file work.cif (mmCIF, C-alpha atoms)
data_work
loop_
_atom_site.group_PDB
_atom_site.id
_atom_site.type_symbol
_atom_site.label_atom_id
_atom_site.label_comp_id
_atom_site.auth_asym_id
_atom_site.auth_seq_id
_atom_site.Cartn_x
_atom_site.Cartn_y
_atom_site.Cartn_z
ATOM 1 C CA MET S 402 -64.429 168.990 72.533
ATOM 2 C CA ASN S 403 -62.823 168.639 69.136
ATOM 3 C CA ALA S 404 -65.043 167.992 66.150
ATOM 4 C CA ARG S 405 -63.441 166.344 63.175
ATOM 5 C CA VAL S 406 -65.055 166.691 59.778
ATOM 6 C CA GLU S 407 -64.095 163.928 57.395
ATOM 7 C CA PRO S 408 -63.700 164.885 53.742
ATOM 8 C CA MET S 409 -66.727 163.754 51.749
ATOM 9 C CA PRO S 410 -66.149 161.755 48.576
ATOM 10 C CA VAL S 411 -67.494 163.271 45.381
ATOM 11 C CA LEU S 412 -68.915 161.247 42.505
ATOM 12 C CA ARG S 413 -68.687 162.719 39.023
ATOM 13 C CA ARG S 414 -68.785 161.552 35.425
ATOM 14 C CA MET S 415 -65.594 160.028 34.093
ATOM 15 C CA ARG S 416 -63.883 161.984 31.316
ATOM 16 C CA SER S 417 -61.253 160.810 28.869
ATOM 17 C CA ASP S 418 -58.626 162.815 30.729
ATOM 18 C CA ASP S 419 -59.417 160.787 33.894
ATOM 19 C CA VAL S 420 -58.387 157.480 32.333
ATOM 20 C CA GLU S 421 -54.709 157.781 33.274
ATOM 21 C CA ARG S 422 -55.566 158.143 36.997
ATOM 22 C CA VAL S 423 -58.323 155.516 36.720
ATOM 23 C CA MET S 424 -55.680 153.126 35.401
ATOM 24 C CA VAL S 425 -53.457 153.771 38.430
ATOM 25 C CA VAL S 426 -56.356 152.750 40.685
ATOM 26 C CA GLU S 427 -57.301 149.781 38.463
ATOM 27 C CA VAL S 428 -53.780 148.374 38.155
ATOM 28 C CA GLY S 429 -53.176 148.777 41.885
ATOM 29 C CA ALA S 430 -56.361 146.924 42.789
ATOM 30 C CA TYR S 431 -56.398 143.923 40.433
ATOM 31 C CA PRO S 432 -53.919 141.363 39.176
ATOM 32 C CA PHE S 433 -55.845 141.318 35.861
ATOM 33 C CA PRO S 434 -56.976 144.927 35.341
ATOM 34 C CA TRP S 435 -59.004 146.418 32.543
ATOM 35 C CA THR S 436 -56.976 148.290 29.919
ATOM 36 C CA ASP S 437 -57.140 152.000 29.256
ATOM 37 C CA GLY S 438 -58.707 151.135 25.898
ATOM 38 C CA ILE S 439 -61.633 149.428 27.616
ATOM 39 C CA PHE S 440 -62.312 152.521 29.728
ATOM 40 C CA ARG S 441 -62.017 154.802 26.693
ATOM 41 C CA ASP S 442 -64.412 152.578 24.735
ATOM 42 C CA CYS S 443 -66.925 152.626 27.612
ATOM 43 C CA ILE S 444 -66.842 156.431 27.646
ATOM 44 C CA ARG S 445 -67.055 156.593 23.843
ATOM 45 C CA VAL S 446 -70.122 154.335 23.560
ATOM 46 C CA GLY S 447 -71.952 156.178 26.321
ATOM 47 C CA TYR S 448 -71.838 153.802 29.273
ATOM 48 C CA ASP S 449 -72.466 155.399 32.657
ATOM 49 C CA CYS S 450 -68.836 155.917 33.740
ATOM 50 C CA TRP S 451 -68.015 157.527 37.083
ATOM 51 C CA VAL S 452 -65.018 158.494 39.177
ATOM 52 C CA LEU S 453 -64.966 158.874 42.925
ATOM 53 C CA GLU S 454 -62.806 161.729 44.173
ATOM 54 C CA LEU S 455 -61.559 162.399 47.660
ATOM 55 C CA GLU S 456 -60.001 165.811 48.201
ATOM 56 C CA GLY S 457 -59.521 166.189 44.434
ATOM 57 C CA THR S 458 -57.864 162.794 43.926
ATOM 58 C CA VAL S 459 -59.473 159.942 41.984
ATOM 59 C CA VAL S 460 -59.809 157.088 44.484
ATOM 60 C CA GLY S 461 -62.339 154.877 42.718
ATOM 61 C CA HIS S 462 -64.429 154.347 39.632
ATOM 62 C CA ALA S 463 -67.471 152.517 38.336
ATOM 63 C CA VAL S 464 -68.861 151.586 34.931
ATOM 64 C CA LEU S 465 -72.530 150.790 34.409
ATOM 65 C CA SER S 466 -74.287 149.694 31.216
ATOM 66 C CA MET S 467 -78.054 149.923 30.896
ATOM 67 C CA ALA S 468 -80.647 148.639 28.452
ATOM 68 C CA ALA S 469 -84.289 147.584 28.523
ATOM 69 C CA GLY S 470 -84.871 148.091 32.235
ATOM 70 C CA GLU S 471 -81.740 146.237 33.276
ATOM 71 C CA ALA S 472 -78.297 147.444 34.279
ATOM 72 C CA HIS S 473 -74.970 145.673 34.564
ATOM 73 C CA LEU S 474 -72.285 146.980 36.894
ATOM 74 C CA LEU S 475 -69.229 146.152 34.812
ATOM 75 C CA ASN S 476 -66.548 147.577 37.090
ATOM 76 C CA LEU S 477 -66.429 148.980 40.619
ATOM 77 C CA THR S 478 -62.972 149.641 41.985
ATOM 78 C CA VAL S 479 -61.494 151.518 44.933
ATOM 79 C CA ASP S 480 -57.829 152.405 45.333
ATOM 80 C CA ALA S 481 -56.133 149.482 47.104
ATOM 81 C CA GLY S 482 -54.685 151.745 49.803
ATOM 82 C CA ARG S 483 -58.119 153.122 50.639
ATOM 83 C CA GLN S 484 -60.104 149.895 50.703
ATOM 84 C CA GLY S 485 -61.910 149.095 53.933
ATOM 85 C CA LEU S 486 -62.832 152.729 54.616
ATOM 86 C CA GLY S 487 -66.398 152.592 53.262
ATOM 87 C CA LEU S 488 -65.605 154.140 49.887
ATOM 88 C CA GLY S 489 -66.684 151.019 47.978
ATOM 89 C CA ARG S 490 -70.009 150.976 49.827
ATOM 90 C CA PHE S 491 -70.476 154.700 49.136
ATOM 91 C CA LEU S 492 -69.684 154.194 45.450
ATOM 92 C CA LEU S 493 -71.975 151.168 45.151
ATOM 93 C CA ARG S 494 -74.869 152.996 46.811
ATOM 94 C CA GLN S 495 -74.427 155.946 44.477
ATOM 95 C CA ILE S 496 -74.504 153.648 41.440
ATOM 96 C CA VAL S 497 -77.618 151.863 42.746
ATOM 97 C CA GLU S 498 -79.346 155.221 43.221
ATOM 98 C CA ARG S 499 -78.313 156.261 39.716
ATOM 99 C CA ALA S 500 -79.851 153.062 38.310
ATOM 100 C CA ARG S 501 -83.065 153.628 40.312
ATOM 101 C CA ALA S 502 -83.328 157.183 39.007
ATOM 102 C CA LEU S 503 -83.149 155.810 35.466
ATOM 103 C CA ASP S 504 -85.982 153.320 36.148
ATOM 104 C CA VAL S 505 -83.768 150.251 36.093
ATOM 105 C CA GLU S 506 -85.666 147.214 37.409
ATOM 106 C CA VAL S 507 -82.743 144.891 38.125
ATOM 107 C CA LEU S 508 -79.015 145.458 38.525
ATOM 108 C CA PHE S 509 -76.537 142.652 37.788
ATOM 109 C CA LEU S 510 -72.844 142.265 38.544
ATOM 110 C CA GLU S 511 -70.177 139.570 38.716
ATOM 111 C CA ALA S 512 -67.602 138.925 41.418
ATOM 112 C CA ARG S 513 -64.827 136.434 41.930
ATOM 113 C CA PRO S 514 -65.682 133.872 44.627
ATOM 114 C CA SER S 515 -62.171 134.535 46.007
ATOM 115 C CA ASN S 516 -62.946 138.257 46.497
ATOM 116 C CA ARG S 517 -64.435 137.939 49.977
ATOM 117 C CA ALA S 518 -64.570 141.685 50.611
ATOM 118 C CA ALA S 519 -66.622 142.252 47.448
ATOM 119 C CA LEU S 520 -68.926 139.321 48.233
ATOM 120 C CA HIS S 521 -69.549 140.709 51.721
ATOM 121 C CA LEU S 522 -70.241 144.185 50.341
ATOM 122 C CA TYR S 523 -72.690 143.007 47.689
ATOM 123 C CA ARG S 524 -74.567 140.684 50.018
ATOM 124 C CA SER S 525 -74.776 143.316 52.749
ATOM 125 C CA GLU S 526 -76.293 145.740 50.229
ATOM 126 C CA GLY S 527 -79.030 143.264 49.287
ATOM 127 C CA PHE S 528 -77.585 141.593 46.197
ATOM 128 C CA ALA S 529 -78.485 137.918 45.771
ATOM 129 C CA HIS S 530 -76.256 135.252 44.225
ATOM 130 C CA VAL S 531 -78.242 134.085 41.180
ATOM 131 C CA GLY S 532 -75.774 132.109 39.100
ATOM 132 C CA THR S 533 -72.247 131.240 38.074
ATOM 133 C CA ARG S 534 -70.275 131.950 34.906
ATOM 134 C CA PRO S 535 -67.716 129.138 34.702
ATOM 135 C CA LYS S 536 -64.112 130.143 34.039
ATOM 136 C CA TYR S 537 -65.054 133.771 33.488
ATOM 137 C CA TYR S 538 -62.031 135.542 34.986
ATOM 138 C CA PRO S 539 -58.356 135.069 34.107
ATOM 139 C CA GLY S 540 -56.199 133.566 36.840
ATOM 140 C CA GLU S 541 -52.573 132.852 37.653
ATOM 141 C CA GLN S 542 -52.876 129.104 37.046
ATOM 142 C CA GLU S 543 -56.368 128.649 35.655
ATOM 143 C CA ARG S 544 -59.457 130.710 35.031
ATOM 144 C CA GLU S 545 -61.795 131.530 37.925
ATOM 145 C CA ASP S 546 -65.578 131.367 37.956
ATOM 146 C CA ALA S 547 -67.678 134.488 38.349
ATOM 147 C CA TRP S 548 -70.618 134.562 40.701
ATOM 148 C CA VAL S 549 -73.500 136.541 39.265
ATOM 149 C CA PHE S 550 -75.458 138.755 41.648
ATOM 150 C CA SER S 551 -78.663 140.709 41.141
ATOM 151 C CA LEU S 552 -80.530 143.393 42.992
ATOM 152 C CA ARG S 553 -84.197 144.158 42.275
ATOM 153 C CA LEU S 554 -84.769 147.874 42.288
#

call {"tool": "encode", "arguments": {"input": "work.cif", "output": "structure tokens"}}
result
Amino acid sequence: MNARVEPMPVLRRMRSDDVERVMVVEVGAYPFPWTDGIFRDCIRVGYDCWVLELEGTVVGHAVLSMAAGEAHLLNLTVDAGRQGLGLGRFLLRQIVERARALDVEVLFLEARPSNRAALHLYRSEGFAHVGTRPKYYPGEQEREDAWVFSLRL
């Protein structure tokens, strides 16, 4: 009998020197990615910024802002070549636990209606669709709505 041990992902705080690798993941995953300046600003102002590493390589990241008992998941991204392996679910669960530990009462996020994988993930983790932000995201031809989701913690 052969036992195979899968490498465990590691979540750690994002540092300024991670931004270059974070950008590789971001640009590879989205047609309209965040800029490196946005990530640097999030770190600078003290948002909860995280990277997900697998065998020493950054394979995902998340940015969470918190205030007055609420949190907003601003970005959750997994390397395009590693999507579908459970890393996004792992990362999301870690962020939810982080928010719970900080006494957050409700966690919000937005997703494109066209991003079926993200919609499935959020719904399967208990998030509820609570609203729409019209023309929130940039698009190739026209802007795309954002669906707003919440999770009571």

call {"tool": "closest_residue", "arguments": {"input": "work.cif", "among": "S:Arg544, S:Arg483, S:Ala502, S:Phe509", "to": "S:Val459", "atoms": "only C-alpha atoms"}}
result
S:Arg483

call {"tool": "resolve_selection", "arguments": {"input": "work.cif", "expression": "the PyMOL selection byres ((chain S and resi 495-499) around 12)", "output": "PyMOL selection string"}}
result
chain S and resi 410-414+449-453+462-467+471-477+488-494+500-510+523+526-528+551-554

call {"tool": "atom_distance", "arguments": {"input": "work.cif", "atom1": "atom CA of S:Ser515", "atom2": "atom CA of S:Asp437"}}
result
24.7 Å

call {"tool": "closest_residue", "arguments": {"input": "work.cif", "among": "S:Glu407, S:Val423, S:Lys536, S:Phe550", "to": "S:Trp435", "atoms": "only C-alpha atoms"}}
result
S:Val423

call {"tool": "atom_distance", "arguments": {"input": "work.cif", "atom1": "atom CA of S:Thr436", "atom2": "atom CA of S:Gln542"}}
result
20.9 Å

call {"tool": "residues_near_point", "arguments": {"input": "work.cif", "point": "(-62.7, 141.9, 47.1)", "cutoff": "12 Å", "atoms": "all atoms listed in the file", "output": "ChimeraX atom specification"}}
result
/S:430-432,477-481,484-485,489-490,511-523

call {"tool": "axis_aligned_box", "arguments": {"input": "work.cif", "around": "stretch 511-517 of chain S", "padding_each_side": "6 Å", "output": "AutoDock Vina command-line options"}}
result
--center_x -66.2 --center_y 136.7 --center_z 44.3 --size_x 20.0 --size_y 17.7 --size_z 23.3

call {"tool": "decode", "arguments": {"input": "work.cif", "residues": "stretch 494-507 of chain S", "atoms": "all heavy atoms", "output": "PDB file, in the first residue's frame"}}
result
ATOM      1  N   ARG S 494     -12.235  29.569   3.381  1.00  0.00           N
ATOM      2  CA  ARG S 494     -12.505  29.110   4.756  1.00  0.00           C
ATOM      3  C   ARG S 494     -11.542  29.728   5.755  1.00  0.00           C
ATOM      4  O   ARG S 494     -11.935  30.068   6.877  1.00  0.00           O
ATOM      5  CB  ARG S 494     -12.445  27.585   4.823  1.00  0.00           C
ATOM      6  CG  ARG S 494     -13.643  26.930   4.179  1.00  0.00           C
ATOM      7  CD  ARG S 494     -13.555  25.427   4.220  1.00  0.00           C
ATOM      8  NE  ARG S 494     -14.765  24.832   3.672  1.00  0.00           N
ATOM      9  CZ  ARG S 494     -14.922  23.530   3.485  1.00  0.00           C
ATOM     10  NH1 ARG S 494     -13.938  22.683   3.795  1.00  0.00           N
ATOM     11  NH2 ARG S 494     -16.054  23.068   2.982  1.00  0.00           N
ATOM     12  N   GLN S 495     -10.301  29.884   5.363  1.00  0.00           N
ATOM     13  CA  GLN S 495      -9.325  30.514   6.257  1.00  0.00           C
ATOM     14  C   GLN S 495      -9.685  31.979   6.517  1.00  0.00           C
ATOM     15  O   GLN S 495      -9.582  32.460   7.650  1.00  0.00           O
ATOM     16  CB  GLN S 495      -7.912  30.415   5.669  1.00  0.00           C
ATOM     17  CG  GLN S 495      -7.387  29.005   5.558  1.00  0.00           C
ATOM     18  CD  GLN S 495      -7.231  28.339   6.904  1.00  0.00           C
ATOM     19  OE1 GLN S 495      -6.590  28.877   7.799  1.00  0.00           O
ATOM     20  NE2 GLN S 495      -7.826  27.180   7.061  1.00  0.00           N
ATOM     21  N   ILE S 496     -10.133  32.668   5.491  1.00  0.00           N
ATOM     22  CA  ILE S 496     -10.516  34.078   5.633  1.00  0.00           C
ATOM     23  C   ILE S 496     -11.765  34.188   6.507  1.00  0.00           C
ATOM     24  O   ILE S 496     -11.858  35.072   7.362  1.00  0.00           O
ATOM     25  CB  ILE S 496     -10.732  34.733   4.249  1.00  0.00           C
ATOM     26  CG1 ILE S 496      -9.405  34.767   3.476  1.00  0.00           C
ATOM     27  CG2 ILE S 496     -11.343  36.108   4.377  1.00  0.00           C
ATOM     28  CD1 ILE S 496      -8.254  35.494   4.156  1.00  0.00           C
ATOM     29  N   VAL S 497     -12.726  33.303   6.307  1.00  0.00           N
ATOM     30  CA  VAL S 497     -13.936  33.305   7.148  1.00  0.00           C
ATOM     31  C   VAL S 497     -13.557  33.068   8.606  1.00  0.00           C
ATOM     32  O   VAL S 497     -14.054  33.769   9.504  1.00  0.00           O
ATOM     33  CB  VAL S 497     -14.958  32.259   6.643  1.00  0.00           C
ATOM     34  CG1 VAL S 497     -16.067  32.037   7.665  1.00  0.00           C
ATOM     35  CG2 VAL S 497     -15.544  32.689   5.303  1.00  0.00           C
ATOM     36  N   GLU S 498     -12.673  32.140   8.860  1.00  0.00           N
ATOM     37  CA  GLU S 498     -12.244  31.881  10.246  1.00  0.00           C
ATOM     38  C   GLU S 498     -11.508  33.073  10.826  1.00  0.00           C
ATOM     39  O   GLU S 498     -11.663  33.398  12.009  1.00  0.00           O
ATOM     40  CB  GLU S 498     -11.388  30.615  10.322  1.00  0.00           C
ATOM     41  CG  GLU S 498     -12.185  29.351  10.150  1.00  0.00           C
ATOM     42  CD  GLU S 498     -13.395  29.280  11.079  1.00  0.00           C
ATOM     43  OE1 GLU S 498     -13.254  29.509  12.299  1.00  0.00           O
ATOM     44  OE2 GLU S 498     -14.511  29.024  10.574  1.00  0.00           O
ATOM     45  N   ARG S 499     -10.720  33.734  10.020  1.00  0.00           N
ATOM     46  CA  ARG S 499     -10.022  34.955  10.459  1.00  0.00           C
ATOM     47  C   ARG S 499     -11.042  36.018  10.860  1.00  0.00           C
ATOM     48  O   ARG S 499     -10.912  36.652  11.902  1.00  0.00           O
ATOM     49  CB  ARG S 499      -9.124  35.458   9.330  1.00  0.00           C
ATOM     50  CG  ARG S 499      -8.518  36.799   9.541  1.00  0.00           C
ATOM     51  CD  ARG S 499      -7.349  36.749  10.471  1.00  0.00           C
ATOM     52  NE  ARG S 499      -6.808  38.092  10.606  1.00  0.00           N
ATOM     53  CZ  ARG S 499      -6.211  38.544  11.682  1.00  0.00           C
ATOM     54  NH1 ARG S 499      -6.045  37.765  12.725  1.00  0.00           N
ATOM     55  NH2 ARG S 499      -5.754  39.769  11.733  1.00  0.00           N
ATOM     56  N   ALA S 500     -12.064  36.212  10.049  1.00  0.00           N
ATOM     57  CA  ALA S 500     -13.111  37.198  10.352  1.00  0.00           C
ATOM     58  C   ALA S 500     -13.846  36.817  11.638  1.00  0.00           C
ATOM     59  O   ALA S 500     -14.110  37.688  12.485  1.00  0.00           O
ATOM     60  CB  ALA S 500     -14.081  37.310   9.179  1.00  0.00           C
ATOM     61  N   ARG S 501     -14.175  35.543  11.802  1.00  0.00           N
ATOM     62  CA  ARG S 501     -14.839  35.089  13.039  1.00  0.00           C
ATOM     63  C   ARG S 501     -13.980  35.387  14.265  1.00  0.00           C
ATOM     64  O   ARG S 501     -14.481  35.837  15.284  1.00  0.00           O
ATOM     65  CB  ARG S 501     -15.105  33.589  12.979  1.00  0.00           C
ATOM     66  CG  ARG S 501     -16.367  33.223  12.286  1.00  0.00           C
ATOM     67  CD  ARG S 501     -16.749  31.760  12.552  1.00  0.00           C
ATOM     68  NE  ARG S 501     -17.955  31.474  11.831  1.00  0.00           N
ATOM     69  CZ  ARG S 501     -18.016  30.752  10.711  1.00  0.00           C
ATOM     70  NH1 ARG S 501     -16.924  30.211  10.208  1.00  0.00           N
ATOM     71  NH2 ARG S 501     -19.160  30.556  10.108  1.00  0.00           N
ATOM     72  N   ALA S 502     -12.697  35.116  14.157  1.00  0.00           N
ATOM     73  CA  ALA S 502     -11.786  35.328  15.282  1.00  0.00           C
ATOM     74  C   ALA S 502     -11.699  36.803  15.675  1.00  0.00           C
ATOM     75  O   ALA S 502     -11.396  37.116  16.822  1.00  0.00           O
ATOM     76  CB  ALA S 502     -10.397  34.792  14.934  1.00  0.00           C
ATOM     77  N   LEU S 503     -12.006  37.673  14.727  1.00  0.00           N
ATOM     78  CA  LEU S 503     -11.971  39.115  14.993  1.00  0.00           C
ATOM     79  C   LEU S 503     -13.360  39.672  15.290  1.00  0.00           C
ATOM     80  O   LEU S 503     -13.587  40.874  15.212  1.00  0.00           O
ATOM     81  CB  LEU S 503     -11.333  39.842  13.811  1.00  0.00           C
ATOM     82  CG  LEU S 503      -9.851  39.494  13.600  1.00  0.00           C
ATOM     83  CD1 LEU S 503      -9.347  40.060  12.292  1.00  0.00           C
ATOM     84  CD2 LEU S 503      -9.016  39.980  14.774  1.00  0.00           C
ATOM     85  N   ASP S 504     -14.302  38.776  15.618  1.00  0.00           N
ATOM     86  CA  ASP S 504     -15.667  39.142  16.010  1.00  0.00           C
ATOM     87  C   ASP S 504     -16.446  39.882  14.933  1.00  0.00           C
ATOM     88  O   ASP S 504     -17.308  40.710  15.228  1.00  0.00           O
ATOM     89  CB  ASP S 504     -15.658  39.965  17.312  1.00  0.00           C
ATOM     90  CG  ASP S 504     -15.159  39.151  18.482  1.00  0.00           C
ATOM     91  OD1 ASP S 504     -15.465  37.939  18.540  1.00  0.00           O
ATOM     92  OD2 ASP S 504     -14.445  39.716  19.339  1.00  0.00           O
ATOM     93  N   VAL S 505     -16.173  39.548  13.681  1.00  0.00           N
ATOM     94  CA  VAL S 505     -16.964  40.087  12.582  1.00  0.00           C
ATOM     95  C   VAL S 505     -18.331  39.416  12.614  1.00  0.00           C
ATOM     96  O   VAL S 505     -18.435  38.211  12.834  1.00  0.00           O
ATOM     97  CB  VAL S 505     -16.249  39.840  11.236  1.00  0.00           C
ATOM     98  CG1 VAL S 505     -17.163  40.110  10.062  1.00  0.00           C
ATOM     99  CG2 VAL S 505     -14.989  40.686  11.151  1.00  0.00           C
ATOM    100  N   GLU S 506     -19.384  40.201  12.414  1.00  0.00           N
ATOM    101  CA  GLU S 506     -20.753  39.670  12.429  1.00  0.00           C
ATOM    102  C   GLU S 506     -21.237  39.261  11.048  1.00  0.00           C
ATOM    103  O   GLU S 506     -21.999  38.308  10.909  1.00  0.00           O
ATOM    104  CB  GLU S 506     -21.704  40.712  13.026  1.00  0.00           C
ATOM    105  CG  GLU S 506     -21.393  41.024  14.478  1.00  0.00           C
ATOM    106  CD  GLU S 506     -22.189  42.193  15.021  1.00  0.00           C
ATOM    107  OE1 GLU S 506     -23.189  42.602  14.372  1.00  0.00           O
ATOM    108  OE2 GLU S 506     -21.802  42.703  16.072  1.00  0.00           O
ATOM    109  N   VAL S 507     -20.819  39.988  10.022  1.00  0.00           N
ATOM    110  CA  VAL S 507     -21.247  39.669   8.659  1.00  0.00           C
ATOM    111  C   VAL S 507     -20.094  39.962   7.701  1.00  0.00           C
ATOM    112  O   VAL S 507     -19.384  40.953   7.845  1.00  0.00           O
ATOM    113  CB  VAL S 507     -22.536  40.433   8.265  1.00  0.00           C
ATOM    114  CG1 VAL S 507     -22.332  41.934   8.251  1.00  0.00           C
ATOM    115  CG2 VAL S 507     -23.084  39.949   6.936  1.00  0.00           C
TER     116      VAL S 507
END
